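**Q** I'd like to ask you about the structure that follows.
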There are 2 protein chains.
Amino acid sequence: MFIKNLPHKTVERLSQYRRALLMILSKEKTHVFSHEIAQMLHITPVQVRRDLMLIGYSGNLRKGYDIKELIELIGKIIDSDRGQRVAVVGLGNLGKAIISYFKGKRSKLAIIAAFDVNPEKINRVYDGVACHHISQMTDIIKQNNISIGIIAVPSEQAPEIAETMVLAGIKGILNFTPKPLNVPPFVYLEEYDMITSLEKVAFFAKKNDERFK
Amino acid sequence: MFIKNLPHKTVERLSQYRRALLMILSKEKTHVFSHEIAQMLHITPVQVRRDLMLIGYSGNLRKGYDIKELIELIGKIIDSDRGQRVAVVGLGNLGKAIISYFKGKRSKLAIIAAFDVNPEKINRVYDGVACHHISQMTDIIKQNNISIGIIAVPSEQAPEIAETMVLAGIKGILNFTPKPLNVPPFVYLEEYDMITSLEKVAFFAKKNDERFK
DNA sequence: GTCAGTATGTGCTGGATTTCAAAAAGTCAA
DNA sequence: TTGACTTTTTGAAATCCAGCACATACTGAC
C-alpha cells in the first residue's frame with residue numbers, strides 16, 4: 001500500500017500508534033477515540049487525527065476508530081508485504097539488548113542473524129539468533145536476503161561495517177554508534193545517538209529546573 | 001550561561017559539534033572551518049554557522065573557529081555549572097551497554113549509581129558504577145543529588161520507576177523502554193524508542209528500494 | 001595599494017510540521 | 001423532530017527549521 005510522501009514524523013508516530021493500539025486491544029474495547037490515543041502518547045488529538053487522515057483512515061463519529069482495522073492498516077503501510085530481515089552486527093551488551101528487545105515483538109521485522117569477531121560468541125545462539133563471524137557477513141546477508149542492518153560495534157569499526165553492509169546490498173541501517181556514517185543515497189540511514197540524547201536531557205532538565213523555580 | 005530559546009535541534013547538534021571538536025583537538029590543529037565541521041557531521045556549513053551564531057560565537061575570518069574556545073563555550077551552554085549526576089535503573093544488557101558507552105566520556109555528566117532488583121548484581125561494581133537495590137533508589141538519589149535518570153528496565157516496570165524518580169526529585173528522564181510515560185511538566189522526558197526507530201528504518205528502506213529501482 | 005580569493009554573518013525564502021478553527025455528521029434526550 | 005453534545009474532517013494560519021545568496025571582512029600576491 002502506498003501513500004505518497006508520508007512525513008518522517010508521521011511514520012514514527014504510526015509505529016507508536018500501533019504499539020499503543022495493541023496494548024489496549026486486549027481490554028475488550030473495539031474502538032478508540034483520538035484523544036485516548038493522544039493521551040497515551042502525550043500528543044494532541046489533532047495530531048493523531050491528522051496522521052490518520054494522511055493514511056486515509058476514517059473513524060466512526062460516535063465510536064472513534066476501529067482498533068483492529070487501524071492496526072491492520074498501519075501494518076499495510078509501514079510493513080513490507082513479504083517482511084524484512086534484520087541483522088545485528090556486534091554482540092556485546094548493546095547487541096544483546098537489542099535482540100532481547102525485539103524478541104517476540106511479532107511484526108514483519110525479524111532479526112535473523114548476528115555477527116561478531118569474538119570467537120567465543122561465534123556459532124552460538126543468543127535468544128534465538130545465531131552469531132557468525134563478521135567475515136561471513138556479506139555471504140549471509142546475500143543468501144538470506146537481509147535488507148536491514150543494525151550497527152552495535154565500537155565506534156571505530158562502524159564505518160567499515162557500514163561499507164560492508166552497503167556492498168552486500170543492505171537497504172537500511174540503524175547506527176547505534178556516535179560516529180556519523182557515510183552511505184549512498186539509496187541506503188536509508190538512521191543515527192541513534194545515546195550521548196547526544198543524554199546531553200539533551202541534561203540541558204533541558206537544567207533549563208526546566210531554572211524555569212520552575 | 002543563558003541563551004534564550006535555543007531550538008531543540010540546535011542543542012542536539014551542539015552536543016555533536018563538541019564531540020567532533022574533541023576528536024580533532026589532538027591533531028595539532030587549533031582552528032577549524034565551518035565546512036570542516038559540516039563535513040564530519042554530514043550537514044551544511046551554513047547550518048553550522050547558524051548554530052554558532054545562535055550561541056553568539058564568532059569565528060576568525062581567516063582561520064575559522066578556535067577549537068578550544070568553542071568546546072568551552074558549548075560546555076558553558078549545555079552543561080550545568082556544577083555538573084549533573086546520573087543514575088541508571090536496570091542493569092541488564094541495556095543498562096550495562098549504556099554505562100560502557102558513557103564511561104570516560106568526560107563532560108559534566110557522570111553516571112554515579114545503578115539500580116536493579118537482581119540480588120546477584122546488588123553491591124557489585126560494574127565499570128566503575130556501584131549497583132544498589134531499587135528500594136534504595138529514593139534515598140540515594142536524594143543523598144547524592146542525582147538529577148537525571150535513565151530507565152532501562154523491562155517495559156512493565158517503567159511507569160513505577162518513573163514515578164519514584166519524580167518523587168525523589170529527578171529533573172530529567174531518558175526512557176529506553178517503548179512505554180510512554182507520564183511525568184509532570186517540570187520534569188523533562190525524552191523517549192528513546194528503538195522499536196520505532198527500527199520500524200522507521202524498515203519503512204524508508206522499503207520506500208527507497210522502490211524508488212531507486 | 002589593489003585585487004582576487006575565501007570564509008564568516010545574516011536577512012529572507014521555502015518546505016515541513018503542527019495547531020487552530022470551523023464545518024460536517026452521528027447520537028441521544030426530550 | 002428538534003436541539004445539544006461530541007467527535008471527526010479538513011482548509012488555513014502559524015511555527016519551526018534549513019538553505020540560499022549576498023554583504024562583509026580579512027589575507028596574500030603582485
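The way I read the labels, and the way they are meant: chains A, B, ... in the order of the C-alpha cells, residue 1 as the first residue of every chain, and ligand 1 as the first ligand shown, with later ones counted on from there.
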So which residues touch DT15 in chain D within 9 Å, counting only C-alpha atoms (C1' of nucleotides), skipping near sequence neighbours fewer than 4 positions away, as a list in words?
**A**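 The neighbour list is DT17, DT18 and DT19 of chain C.
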**Q** Would you give me, as a list of chain:residue names, the residues of chain B that come within 12 Å of chain D, using only C-alpha atoms (C1' of nucleotides)?
**A**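 That gives the following set of residues: B:Leu6, B:Pro7, B:His8, B:Lys9, B:Thr10, B:Ile43, B:Thr44, B:Pro45, B:Val46, B:Gln47, B:Val48, B:Arg49, B:Arg50, B:Asp51, B:Gly59, B:Asn60, B:Leu61, B:Arg62, B:Lys63, B:Gly64.
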**Q** Residues of chain B were defined as contacting chain A if any atom lay at most 7 Å from it, counting only C-alpha atoms; please report them as a ChimeraX atom specification.
**A** /B:11-12,15-16,41,78-80,93-94,96-97,148,171-174,180,186-188,190,196,198-206,208-209,212
**Q** Which polymer residues have any atom within 12 Å of an atom of Leu25 in chain B, counting only C-alpha atoms (C1' of nucleotides), with same-chain residues fewer than 6 positions away left out, as a list in words?
**A** Tyr17, Arg18, Arg19, His31, Val32, Asp66, Ile67, Lys68, Glu69, Leu70 and Ile71 of chain B
**Q** Mind the document's chain letters and residue numbers, and return as a ChimeraX atom specification the residues of range 120-163 of chain A that DSSP labels helix (DSSP H, G or I).
**A** /A:134-143,155-163
**Q** Please produce a file of those selected residues containing all heavy atoms, as a CSV table (one decimal), in the first residue's frame.
**A**
chain,number,residue,atom,x,y,z
A,134,ILE,N,32.2,-12.0,11.5
A,134,ILE,CA,32.0,-10.9,10.6
A,134,ILE,C,32.4,-11.1,9.2
A,134,ILE,O,31.9,-10.6,8.3
A,134,ILE,CB,32.7,-9.6,11.2
A,134,ILE,CG1,31.9,-9.1,12.4
A,134,ILE,CG2,32.9,-8.6,10.2
A,134,ILE,CD1,32.2,-7.7,12.8
A,135,SER,N,33.4,-12.0,9.0
A,135,SER,CA,33.9,-12.2,7.7
A,135,SER,C,32.9,-12.9,6.8
A,135,SER,O,32.9,-12.9,5.6
A,135,SER,CB,35.2,-13.2,7.8
A,135,SER,OG,34.8,-14.4,8.4
A,136,GLN,N,31.9,-13.5,7.5
A,136,GLN,CA,30.8,-14.1,6.7
A,136,GLN,C,29.6,-13.2,6.4
A,136,GLN,O,28.6,-13.6,5.8
A,136,GLN,CB,30.3,-15.3,7.5
A,136,GLN,CG,31.3,-16.4,7.7
A,136,GLN,CD,30.6,-17.6,8.4
A,136,GLN,OE1,30.6,-17.7,9.6
A,136,GLN,NE2,30.1,-18.5,7.6
A,137,MET,N,29.8,-12.0,6.8
A,137,MET,CA,28.6,-11.1,6.8
A,137,MET,C,28.1,-11.0,5.3
A,137,MET,O,26.9,-11.2,5.1
A,137,MET,CB,29.1,-9.7,7.3
A,137,MET,CG,27.9,-8.9,7.7
A,137,MET,SD,28.4,-7.6,8.8
A,137,MET,CE,29.1,-6.4,7.7
A,138,THR,N,28.9,-10.6,4.4
A,138,THR,CA,28.4,-10.4,3.0
A,138,THR,C,27.7,-11.6,2.5
A,138,THR,O,26.5,-11.5,2.0
A,138,THR,CB,29.6,-10.1,2.1
A,138,THR,OG1,30.4,-9.0,2.6
A,138,THR,CG2,29.1,-9.8,0.7
A,139,ASP,N,28.2,-12.8,2.7
A,139,ASP,CA,27.6,-14.0,2.2
A,139,ASP,C,26.2,-14.2,2.8
A,139,ASP,O,25.2,-14.4,2.1
A,139,ASP,CB,28.4,-15.2,2.4
A,139,ASP,CG,29.6,-15.3,1.5
A,139,ASP,OD1,29.6,-14.5,0.5
A,139,ASP,OD2,30.6,-16.0,1.8
A,140,ILE,N,26.2,-14.1,4.1
A,140,ILE,CA,24.9,-14.4,4.8
A,140,ILE,C,23.9,-13.4,4.5
A,140,ILE,O,22.7,-13.7,4.4
A,140,ILE,CB,25.2,-14.6,6.3
A,140,ILE,CG1,26.1,-15.8,6.6
A,140,ILE,CG2,23.9,-14.6,7.1
A,140,ILE,CD1,26.4,-16.1,8.0
A,141,ILE,N,24.3,-12.2,4.4
A,141,ILE,CA,23.3,-11.1,4.1
A,141,ILE,C,22.7,-11.4,2.7
A,141,ILE,O,21.5,-11.3,2.6
A,141,ILE,CB,24.0,-9.7,4.1
A,141,ILE,CG1,24.2,-9.3,5.5
A,141,ILE,CG2,23.1,-8.7,3.4
A,141,ILE,CD1,25.0,-8.0,5.7
A,142,LYS,N,23.5,-11.8,1.8
A,142,LYS,CA,23.0,-12.0,0.4
A,142,LYS,C,22.1,-13.3,0.4
A,142,LYS,O,21.0,-13.3,-0.1
A,142,LYS,CB,24.2,-12.1,-0.5
A,142,LYS,CG,24.8,-10.8,-0.9
A,142,LYS,CD,25.9,-11.0,-1.9
A,142,LYS,CE,26.4,-9.6,-2.4
A,142,LYS,NZ,27.7,-9.7,-3.2
A,143,GLN,N,22.7,-14.3,1.0
A,143,GLN,CA,21.9,-15.6,1.0
A,143,GLN,C,20.5,-15.5,1.6
A,143,GLN,O,19.6,-16.1,1.1
A,143,GLN,CB,22.7,-16.7,1.7
A,143,GLN,CG,23.8,-17.3,0.9
A,143,GLN,CD,24.8,-18.0,1.8
A,143,GLN,OE1,24.5,-18.4,2.9
A,143,GLN,NE2,26.0,-18.2,1.3
A,155,SER,N,32.7,2.3,18.2
A,155,SER,CA,32.6,3.4,17.2
A,155,SER,C,33.6,3.2,16.0
A,155,SER,O,33.3,3.4,14.8
A,155,SER,CB,32.9,4.7,17.8
A,155,SER,OG,32.1,4.9,18.9
A,156,GLU,N,34.9,2.9,16.4
A,156,GLU,CA,35.9,3.0,15.3
A,156,GLU,C,35.6,2.0,14.2
A,156,GLU,O,36.0,2.2,13.1
A,156,GLU,CB,37.3,2.6,15.9
A,156,GLU,CG,37.6,3.2,17.3
A,156,GLU,CD,37.0,2.4,18.4
A,156,GLU,OE1,37.2,1.2,18.5
A,156,GLU,OE2,36.2,3.1,19.2
A,157,GLN,N,34.9,0.9,14.5
A,157,GLN,CA,34.7,-0.1,13.5
A,157,GLN,C,33.5,0.2,12.6
A,157,GLN,O,33.2,-0.4,11.6
A,157,GLN,CB,34.6,-1.4,14.1
A,157,GLN,CG,35.8,-1.9,14.8
A,157,GLN,CD,35.5,-3.0,15.8
A,157,GLN,OE1,34.6,-3.8,15.6
A,157,GLN,NE2,36.2,-3.0,16.9
A,158,ALA,N,32.7,1.2,13.1
A,158,ALA,CA,31.4,1.4,12.4
A,158,ALA,C,31.5,1.7,10.9
A,158,ALA,O,30.8,1.1,10.1
A,158,ALA,CB,30.7,2.5,13.1
A,159,PRO,N,32.4,2.6,10.5
A,159,PRO,CA,32.5,2.9,9.1
A,159,PRO,C,32.7,1.7,8.2
A,159,PRO,O,32.1,1.5,7.2
A,159,PRO,CB,33.6,3.9,9.0
A,159,PRO,CG,33.7,4.5,10.3
A,159,PRO,CD,33.4,3.4,11.3
A,160,GLU,N,33.6,0.9,8.6
A,160,GLU,CA,33.9,-0.3,7.9
A,160,GLU,C,32.7,-1.3,7.8
A,160,GLU,O,32.4,-1.8,6.7
A,160,GLU,CB,35.1,-1.0,8.6
A,160,GLU,CG,35.8,-2.0,7.8
A,160,GLU,CD,36.8,-2.8,8.7
A,160,GLU,OE1,37.3,-2.2,9.7
A,160,GLU,OE2,36.9,-4.0,8.5
A,161,ILE,N,32.1,-1.5,8.9
A,161,ILE,CA,30.9,-2.3,8.9
A,161,ILE,C,29.8,-1.8,7.9
A,161,ILE,O,29.2,-2.5,7.2
A,161,ILE,CB,30.3,-2.4,10.3
A,161,ILE,CG1,31.3,-2.9,11.3
A,161,ILE,CG2,29.0,-3.2,10.3
A,161,ILE,CD1,31.6,-4.4,11.1
A,162,ALA,N,29.6,-0.5,8.0
A,162,ALA,CA,28.6,0.2,7.2
A,162,ALA,C,28.9,-0.1,5.7
A,162,ALA,O,28.1,-0.4,4.9
A,162,ALA,CB,28.6,1.6,7.5
A,163,GLU,N,30.2,0.1,5.4
A,163,GLU,CA,30.6,-0.1,4.0
A,163,GLU,C,30.3,-1.5,3.5
A,163,GLU,O,29.8,-1.8,2.4
A,163,GLU,CB,32.1,0.2,3.8
A,163,GLU,CG,32.4,0.5,2.3
A,163,GLU,CD,33.9,0.9,2.2
A,163,GLU,OE1,34.5,1.3,3.2
A,163,GLU,OE2,34.4,0.7,1.1
**Q** For chain C versus chain B, which residues have an atom no more than 12 Å away, and what is each residue's nearest atom pair and distance in Å rounded to one decimal, using only C-alpha atoms (C1' of nucleotides), chain-then-number order, as JSON lines?
**A**
{"residue": "C:DG5", "atom": "C1'", "partner": "B:Arg62", "partner_atom": "CA", "distance": 11.4}
{"residue": "C:DT6", "atom": "C1'", "partner": "B:Arg62", "partner_atom": "CA", "distance": 8.1}
{"residue": "C:DA7", "atom": "C1'", "partner": "B:Leu61", "partner_atom": "CA", "distance": 5.6}
{"residue": "C:DT8", "atom": "C1'", "partner": "B:Leu61", "partner_atom": "CA", "distance": 5.8}
{"residue": "C:DG9", "atom": "C1'", "partner": "B:Met53", "partner_atom": "CA", "distance": 7.7}
{"residue": "C:DT10", "atom": "C1'", "partner": "B:Arg50", "partner_atom": "CA", "distance": 8.5}
**Q** Those same residues - N, CA, C and O atoms (P, O5', C5', C4', C3', O3' and C1' of nucleotides) - I'd like them written as a PDB file, in the first residue's frame.
**A**
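So result.pdb came out as:
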ATOM      1  P    DG C   5      40.344  34.739  -8.412  1.00  0.00           P
ATOM      2  O5'  DG C   5      40.406  34.330  -6.879  1.00  0.00           O
ATOM      3  C5'  DG C   5      41.677  34.111  -6.269  1.00  0.00           C
ATOM      4  C4'  DG C   5      41.456  33.696  -4.834  1.00  0.00           C
ATOM      5  C3'  DG C   5      40.237  32.773  -4.645  1.00  0.00           C
ATOM      6  O3'  DG C   5      40.616  31.671  -3.833  1.00  0.00           O
ATOM      7  C1'  DG C   5      40.072  34.626  -3.196  1.00  0.00           C
ATOM      8  P    DT C   6      39.605  30.446  -3.670  1.00  0.00           P
ATOM      9  O5'  DT C   6      39.258  30.554  -2.118  1.00  0.00           O
ATOM     10  C5'  DT C   6      40.308  30.743  -1.177  1.00  0.00           C
ATOM     11  C4'  DT C   6      39.690  31.138   0.133  1.00  0.00           C
ATOM     12  C3'  DT C   6      38.471  30.295   0.513  1.00  0.00           C
ATOM     13  O3'  DT C   6      38.620  29.877   1.853  1.00  0.00           O
ATOM     14  C1'  DT C   6      37.962  32.580   0.690  1.00  0.00           C
ATOM     15  P    DA C   7      37.747  28.631   2.390  1.00  0.00           P
ATOM     16  O5'  DA C   7      37.057  29.313   3.647  1.00  0.00           O
ATOM     17  C5'  DA C   7      37.833  30.174   4.430  1.00  0.00           C
ATOM     18  C4'  DA C   7      36.990  30.910   5.421  1.00  0.00           C
ATOM     19  C3'  DA C   7      35.687  30.235   5.862  1.00  0.00           C
ATOM     20  O3'  DA C   7      35.543  30.307   7.274  1.00  0.00           O
ATOM     21  C1'  DA C   7      35.218  32.360   4.949  1.00  0.00           C
ATOM     22  P    DT C   8      34.220  29.771   7.976  1.00  0.00           P
ATOM     23  O5'  DT C   8      33.599  31.135   8.487  1.00  0.00           O
ATOM     24  C5'  DT C   8      34.376  31.977   9.328  1.00  0.00           C
ATOM     25  C4'  DT C   8      33.677  33.319   9.487  1.00  0.00           C
ATOM     26  C3'  DT C   8      32.343  33.261  10.225  1.00  0.00           C
ATOM     27  O3'  DT C   8      32.270  34.346  11.144  1.00  0.00           O
ATOM     28  C1'  DT C   8      32.042  34.279   8.121  1.00  0.00           C
ATOM     29  P    DG C   9      31.065  34.395  12.186  1.00  0.00           P
ATOM     30  O5'  DG C   9      30.016  35.357  11.467  1.00  0.00           O
ATOM     31  C5'  DG C   9      30.272  36.754  11.403  1.00  0.00           C
ATOM     32  C4'  DG C   9      29.023  37.485  10.945  1.00  0.00           C
ATOM     33  C3'  DG C   9      27.747  37.149  11.723  1.00  0.00           C
ATOM     34  O3'  DG C   9      26.997  38.356  11.819  1.00  0.00           O
ATOM     35  C1'  DG C   9      27.429  36.611   9.456  1.00  0.00           C
ATOM     36  P    DT C  10      25.583  38.356  12.535  1.00  0.00           P
ATOM     37  O5'  DT C  10      24.585  38.201  11.312  1.00  0.00           O
ATOM     38  C5'  DT C  10      24.456  39.254  10.368  1.00  0.00           C
ATOM     39  C4'  DT C  10      23.310  38.955   9.409  1.00  0.00           C
ATOM     40  C3'  DT C  10      22.005  38.475  10.065  1.00  0.00           C
ATOM     41  O3'  DT C  10      20.939  39.067   9.385  1.00  0.00           O
ATOM     42  C1'  DT C  10      22.625  37.005   8.387  1.00  0.00           C
TER      43       DT C  10
END
**Q** So that I can check the secondary structure, give me every residue of range 11-202 of chain A assigned strand (DSSP E) by backbone DSSP, as a PyMOL selection string.
**A** chain A and resi 31-32+65-66+84-89+109-116+125-126+129-133+146-151+172-175+188-191
**Q** What is the distance, in Å and to one decimal place, between CA of Pro184 in chain B and CA of Ile111 in chain B?
**A**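 Interatomic distance here is 23.4 Å.
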**Q** By how many Å are CA of His132 in chain B and CA of Asn175 in chain B apart?
**A**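 Atom-to-atom, CA of His132 in chain B and CA of Asn175 in chain B are spaced 19.5 Å apart.
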**Q** Have a look at CA of Gly56 in chain B and CA of Glu72 in chain B and let me know their distance in Å, one decimal.
**A**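 Computing the Euclidean distance for CA of Gly56 in chain B and CA of Glu72 in chain B yields 13.0 Å.
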**Q** Could you pull the residues within 10 Å of Val117 in chain A, counting only C-alpha atoms (C1' of nucleotides), minus those fewer than 4 positions along the same chain, as an NGL selection string?
**A** :A and (89-91 or 121-122 or 131-135)
**Q** What would the file look like if the residues just selected were written as a PDB file, in the first residue's frame with N, CA and C atoms?
**A**
ATOM      1  N   VAL A  89      25.033  -6.342  13.993  1.00  0.00           N
ATOM      2  CA  VAL A  89      26.476  -6.543  13.997  1.00  0.00           C
ATOM      3  C   VAL A  89      27.039  -6.009  15.305  1.00  0.00           C
ATOM      4  N   GLY A  90      27.727  -6.874  16.019  1.00  0.00           N
ATOM      5  CA  GLY A  90      28.232  -6.517  17.345  1.00  0.00           C
ATOM      6  C   GLY A  90      27.362  -7.140  18.407  1.00  0.00           C
ATOM      7  N   LEU A  91      27.869  -8.199  19.050  1.00  0.00           N
ATOM      8  CA  LEU A  91      27.040  -8.890  20.028  1.00  0.00           C
ATOM      9  C   LEU A  91      27.571  -8.652  21.438  1.00  0.00           C
ATOM     10  N   LYS A 121      31.858 -16.227  20.834  1.00  0.00           N
ATOM     11  CA  LYS A 121      30.441 -15.978  20.522  1.00  0.00           C
ATOM     12  C   LYS A 121      30.007 -16.648  19.221  1.00  0.00           C
ATOM     13  N   ILE A 122      30.977 -16.856  18.365  1.00  0.00           N
ATOM     14  CA  ILE A 122      30.659 -17.413  17.041  1.00  0.00           C
ATOM     15  C   ILE A 122      30.012 -18.793  17.165  1.00  0.00           C
ATOM     16  N   CYS A 131      24.937 -16.463  15.907  1.00  0.00           N
ATOM     17  CA  CYS A 131      26.012 -15.491  15.717  1.00  0.00           C
ATOM     18  C   CYS A 131      27.096 -16.042  14.798  1.00  0.00           C
ATOM     19  N   HIS A 132      27.486 -15.261  13.819  1.00  0.00           N
ATOM     20  CA  HIS A 132      28.525 -15.684  12.888  1.00  0.00           C
ATOM     21  C   HIS A 132      29.702 -14.722  12.938  1.00  0.00           C
ATOM     22  N   HIS A 133      30.806 -15.171  12.341  1.00  0.00           N
ATOM     23  CA  HIS A 133      31.955 -14.277  12.282  1.00  0.00           C
ATOM     24  C   HIS A 133      31.703 -13.198  11.234  1.00  0.00           C
ATOM     25  N   ILE A 134      32.231 -12.025  11.518  1.00  0.00           N
ATOM     26  CA  ILE A 134      31.987 -10.883  10.641  1.00  0.00           C
ATOM     27  C   ILE A 134      32.435 -11.143   9.201  1.00  0.00           C
ATOM     28  N   SER A 135      33.446 -11.969   9.047  1.00  0.00           N
ATOM     29  CA  SER A 135      33.932 -12.248   7.696  1.00  0.00           C
ATOM     30  C   SER A 135      32.859 -12.905   6.818  1.00  0.00           C
TER      31      SER A 135
END
